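Participant: One structure, as structure tokens, below. Some questions next.
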Amino acid sequence: MTDASTETSGAMGATGASKAEAAEESGTGTEAETRPESKTWAEGQATPPKRVLIAADKFKGSLTAVEVAERVTAGLRRGAPQGGEGLRIAALPVADGGDGTVDAAVAAGFERREARVTGPLGAPVTAAYALRGTTAVVEMAEASGLRHLPDGVFAPLTATTYGSGELLRAALDAGARTIVFGVGGSATTDGGAGMLSALGARFLREDGTPVGPGGGPLRDLATADLSGLDPRLADTETVLASDVDNPLTGPKGAAAVYGPQKGAGEDDVAALDAALAHYVGVLERAVGASAAEYALAPGAGAAGGIGFGALVGLGAAFRPGIEVMLDVLGFPAALEGADLVITGEGSLDEQTLHGKAPAGVAAAARARGIEVVAVCGRLALAPVALGNAGIRRAYPLTDLEPDPARCIAEAGPLLERAAERLAADFLT
């Protein structure tokens, strides 16, 4: 188990980070506001930052959040004067509730636990959750995510969240009484019916047999019974952590907005949306009008509607994922004494502005008057939007390597070079 942040000092680079080629490159990143040509800290202030906090998310498809922190640390050490002598660098990998949330919690000192659960296609998979005391961080993608589908294989109508329910049950068995349930990256659109079934709910057809797995079979749902849900849930505080606030159904719902990402064609989307609407109607008869209210609530459409299942069945409270995770990871304490915060993710774009990790990190840091810069694979935000998000400057890898495929394949060395540039601008 480790502390909430890993701090290094002196001339040593980050453990495990390979060295990039020592090539000099032109350009200095993309700036959110006009400033003089001088590459000195804050336009001529005498004292550059002495304590830097790296709080970046993963670069999806290339680097984990932990690896991002390692590479940035190595680049800063090479780019700072005297090899960074006297510079203190703290790393706190972050996540917003989606892929990588458990890894971020483990990096912050939680214990990694594993359970054998049902994958989205029904085959068993090994899924991890994180535990510290009586608090668990459960990532639904660990059990029911797209990562568990073979390349090119989708099951939009039949993929199930049953394994997510099993993973929640494993956390309860381990003593968790506060659960941060991070949802995102799902392969499923079943409204959380599979999850609730694993926790003791019953969803039956007219003949009394259970409905099949996935969202499609919900069209045959006749009765729902939540009375058998695990009684420990009533004494457990469950927080639904998500970076999306979509309702369950309709043009902005789970099927319409996210179904195509999971292989759903036009007919599949229509069938799933109708099945989810029918599901809500049946649950109204089972638990009352609150079911319809929950279907319209922010976050109900998250991760194929598992958000709805968590709201209606687990008594979960919805919070933006990055806000929850920053609290859980100890970000406020990590900010103490920081002079500069470096955040980032694979793509800084319009989605970043709507609840993604860099926006949350920047808002929290700038509220304390701390300068924020970012690293990213690609940058698709105008300078004014970047500045409005509280990010002073961004350093995209595409400034160093315009070929996206090579950016992904060589993300580590490129990120070290980007961090060297950042150090030349902000640490001298």
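Chains: A, B, ... in order of the structure tokens. Residues: from 1 per chain. Ligands: from 1, in order shown.
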Contacts of Thr64 of chain A at 12 Å or less, counting only C-alpha atoms, minus same-chain residues fewer than 2 places along, as a PyMOL selection string?
Facilitator: chain A and resi 56-62+66-71+93-95+99-104+107+344-346+411-412
Participant: For Gly119 of chain A, please output as a list in words all residues within 7 Å (counting only C-alpha atoms; exclusion window: fewer than 2 positions along the same chain).
Facilitator: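 Returned residues: Val117, Leu121, Gly122, Ala123, Pro124, Val125, Ala143, Ser144, His148 and Gly163 of chain A.
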Participant: Given the selection you just returned, output its residues as a file containing all heavy atoms, formatted as a CSV table (one decimal), in the first residue's frame.
Facilitator:
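The file below, result13.csv, is the result:
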```csv
chain,number,residue,atom,x,y,z
A,117,VAL,N,-16.0,-13.0,-12.1
A,117,VAL,CA,-17.4,-12.6,-12.3
A,117,VAL,C,-17.8,-12.9,-13.8
A,117,VAL,O,-17.0,-13.4,-14.6
A,117,VAL,CB,-17.6,-11.1,-12.0
A,117,VAL,CG1,-17.2,-10.8,-10.6
A,117,VAL,CG2,-16.8,-10.3,-13.0
A,121,LEU,N,-20.5,-11.0,-22.2
A,121,LEU,CA,-21.0,-12.0,-23.1
A,121,LEU,C,-21.4,-13.3,-22.3
A,121,LEU,O,-21.8,-14.3,-23.0
A,121,LEU,CB,-20.0,-12.3,-24.2
A,121,LEU,CG,-19.6,-11.1,-25.1
A,121,LEU,CD1,-18.7,-11.6,-26.2
A,121,LEU,CD2,-20.8,-10.5,-25.7
A,122,GLY,N,-21.2,-13.3,-21.0
A,122,GLY,CA,-21.6,-14.5,-20.2
A,122,GLY,C,-20.4,-15.4,-19.8
A,122,GLY,O,-20.6,-16.2,-18.9
A,123,ALA,N,-19.3,-15.2,-20.4
A,123,ALA,CA,-18.1,-16.0,-20.0
A,123,ALA,C,-17.5,-15.4,-18.8
A,123,ALA,O,-17.5,-14.1,-18.6
A,123,ALA,CB,-17.1,-16.0,-21.2
A,124,PRO,N,-16.8,-16.2,-17.9
A,124,PRO,CA,-16.2,-15.6,-16.7
A,124,PRO,C,-15.0,-14.7,-17.1
A,124,PRO,O,-14.2,-15.0,-18.0
A,124,PRO,CB,-15.8,-16.8,-15.9
A,124,PRO,CG,-15.7,-17.9,-17.0
A,124,PRO,CD,-16.7,-17.6,-18.0
A,125,VAL,N,-14.8,-13.7,-16.3
A,125,VAL,CA,-13.7,-12.8,-16.4
A,125,VAL,C,-13.2,-12.4,-15.0
A,125,VAL,O,-13.9,-12.6,-14.0
A,125,VAL,CB,-14.0,-11.5,-17.2
A,125,VAL,CG1,-14.5,-11.7,-18.6
A,125,VAL,CG2,-15.1,-10.6,-16.4
A,143,ALA,N,-15.9,-5.4,-15.0
A,143,ALA,CA,-16.7,-6.6,-15.2
A,143,ALA,C,-17.5,-6.6,-16.5
A,143,ALA,O,-17.7,-7.6,-17.1
A,143,ALA,CB,-17.7,-6.7,-14.0
A,144,SER,N,-18.0,-5.4,-16.9
A,144,SER,CA,-18.9,-5.3,-18.0
A,144,SER,C,-18.5,-4.4,-19.1
A,144,SER,O,-19.3,-3.9,-19.9
A,144,SER,CB,-20.3,-4.9,-17.5
A,144,SER,OG,-20.7,-5.6,-16.4
A,148,HIS,N,-13.7,-6.3,-22.6
A,148,HIS,CA,-13.9,-7.8,-22.5
A,148,HIS,C,-14.5,-8.4,-23.7
A,148,HIS,O,-14.8,-9.6,-23.8
A,148,HIS,CB,-14.8,-8.1,-21.3
A,148,HIS,CG,-14.2,-7.9,-20.0
A,148,HIS,ND1,-13.0,-8.4,-19.6
A,148,HIS,CD2,-14.5,-7.1,-18.9
A,148,HIS,CE1,-12.7,-8.0,-18.4
A,148,HIS,NE2,-13.6,-7.2,-18.0
A,163,GLY,N,-22.2,-9.3,-14.2
A,163,GLY,CA,-20.9,-9.3,-13.5
A,163,GLY,C,-20.6,-8.1,-12.7
A,163,GLY,O,-19.9,-8.1,-11.7
```
Participant: Running DSSP on the backbone, which parts of segment 253-388 of chain A land in alpha helix (DSSP H), as a PyMOL selection string?
Facilitator: chain A and resi 266-287+290-296+302-313+321-329+331-335+357-366+383-388
Participant: Selected residues, C-alpha atoms, written as a JSON list (two decimals), in the first residue's frame, please.
Facilitator:
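Resulting contents of part35.json:
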```json
[["chain", "number", "residue", "atom", "x", "y", "z"],
["A", 266, "GLU", "CA", -30.42, 2.02, -36.23],
["A", 267, "ASP", "CA", -32.93, -0.79, -35.67],
["A", 268, "ASP", "CA", -31.05, -1.97, -32.57],
["A", 269, "VAL", "CA", -31.13, 1.53, -31.08],
["A", 270, "ALA", "CA", -34.89, 1.76, -31.60],
["A", 271, "ALA", "CA", -35.43, -1.70, -30.11],
["A", 272, "LEU", "CA", -33.25, -0.96, -27.09],
["A", 273, "ASP", "CA", -34.88, 2.39, -26.40],
["A", 274, "ALA", "CA", -38.35, 0.83, -26.56],
["A", 275, "ALA", "CA", -37.26, -2.07, -24.31],
["A", 276, "LEU", "CA", -35.78, 0.32, -21.74],
["A", 277, "ALA", "CA", -38.97, 2.40, -21.74],
["A", 278, "HIS", "CA", -40.99, -0.78, -21.16],
["A", 279, "TYR", "CA", -38.58, -1.75, -18.35],
["A", 280, "VAL", "CA", -39.26, 1.58, -16.63],
["A", 281, "GLY", "CA", -42.99, 1.01, -16.90],
["A", 282, "VAL", "CA", -42.76, -2.42, -15.28],
["A", 283, "LEU", "CA", -40.56, -1.04, -12.49],
["A", 284, "GLU", "CA", -43.13, 1.69, -11.87],
["A", 285, "ARG", "CA", -45.63, -1.02, -11.01],
["A", 286, "ALA", "CA", -43.07, -2.65, -8.74],
["A", 287, "VAL", "CA", -41.64, 0.32, -6.82],
["A", 290, "SER", "CA", -40.04, 7.03, -8.43],
["A", 291, "ALA", "CA", -38.94, 4.68, -11.21],
["A", 292, "ALA", "CA", -40.10, 7.12, -13.89],
["A", 293, "GLU", "CA", -38.46, 9.99, -12.02],
["A", 294, "TYR", "CA", -35.17, 8.13, -11.79],
["A", 295, "ALA", "CA", -35.31, 7.39, -15.53],
["A", 296, "LEU", "CA", -35.20, 11.14, -16.19],
["A", 302, "ALA", "CA", -24.75, 6.35, -17.94],
["A", 303, "ALA", "CA", -23.03, 3.15, -19.08],
["A", 304, "GLY", "CA", -25.99, 1.73, -20.97],
["A", 305, "GLY", "CA", -28.46, 2.67, -18.27],
["A", 306, "ILE", "CA", -26.67, 1.02, -15.37],
["A", 307, "GLY", "CA", -26.97, 4.43, -13.75],
["A", 308, "PHE", "CA", -30.74, 3.96, -13.69],
["A", 309, "GLY", "CA", -30.36, 0.56, -12.08],
["A", 310, "ALA", "CA", -28.10, 2.04, -9.41],
["A", 311, "LEU", "CA", -30.51, 4.89, -8.69],
["A", 312, "VAL", "CA", -33.68, 2.83, -8.55],
["A", 313, "GLY", "CA", -32.31, -0.33, -6.99],
["A", 321, "GLY", "CA", -17.25, 11.28, -11.42],
["A", 322, "ILE", "CA", -14.23, 13.55, -11.25],
["A", 323, "GLU", "CA", -15.57, 15.37, -8.18],
["A", 324, "VAL", "CA", -16.06, 12.08, -6.36],
["A", 325, "MET", "CA", -12.71, 10.67, -7.37],
["A", 326, "LEU", "CA", -10.75, 13.79, -6.44],
["A", 327, "ASP", "CA", -12.22, 13.53, -2.95],
["A", 328, "VAL", "CA", -11.57, 9.78, -2.69],
["A", 329, "LEU", "CA", -8.01, 10.08, -4.00],
["A", 331, "PHE", "CA", -6.59, 15.59, -4.17],
["A", 332, "PRO", "CA", -7.28, 18.55, -1.81],
["A", 333, "ALA", "CA", -4.47, 17.43, 0.50],
["A", 334, "ALA", "CA", -2.14, 16.77, -2.44],
["A", 335, "LEU", "CA", -2.67, 20.36, -3.61],
["A", 357, "ALA", "CA", -10.72, 14.68, -15.33],
["A", 358, "PRO", "CA", -8.58, 17.60, -16.62],
["A", 359, "ALA", "CA", -11.46, 20.07, -16.27],
["A", 360, "GLY", "CA", -12.15, 18.92, -12.72],
["A", 361, "VAL", "CA", -8.48, 19.09, -11.75],
["A", 362, "ALA", "CA", -8.11, 22.55, -13.28],
["A", 363, "ALA", "CA", -11.20, 23.91, -11.54],
["A", 364, "ALA", "CA", -10.04, 22.66, -8.14],
["A", 365, "ALA", "CA", -6.48, 23.94, -8.58],
["A", 366, "ARG", "CA", -7.41, 27.34, -9.96],
["A", 383, "PRO", "CA", -7.12, 28.76, -26.83],
["A", 384, "VAL", "CA", -10.08, 30.65, -25.37],
["A", 385, "ALA", "CA", -11.86, 27.40, -24.43],
["A", 386, "LEU", "CA", -8.68, 26.07, -22.89],
["A", 387, "GLY", "CA", -8.27, 29.24, -20.88],
["A", 388, "ASN", "CA", -11.90, 29.24, -19.77]]
```
Participant: Give the answer as one residue: which of A:Gly200, A:Pro210, A:Gly315, A:Pro81 has the shortest atom-to-atom distance to Thr236 of chain A, using only C-alpha atoms?
Facilitator: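 Closest to Thr236 of chain A, using only C-alpha atoms: A:Gly315.
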Participant: Neighbouring residues of Ile391 of chain A were defined as those with any atom within 8 Å, considering only C-alpha atoms; residues of the same chain fewer than 6 positions away were excluded. Please report them as a VMD selection string.
Facilitator: chain A and resid 32 362 371 to 374
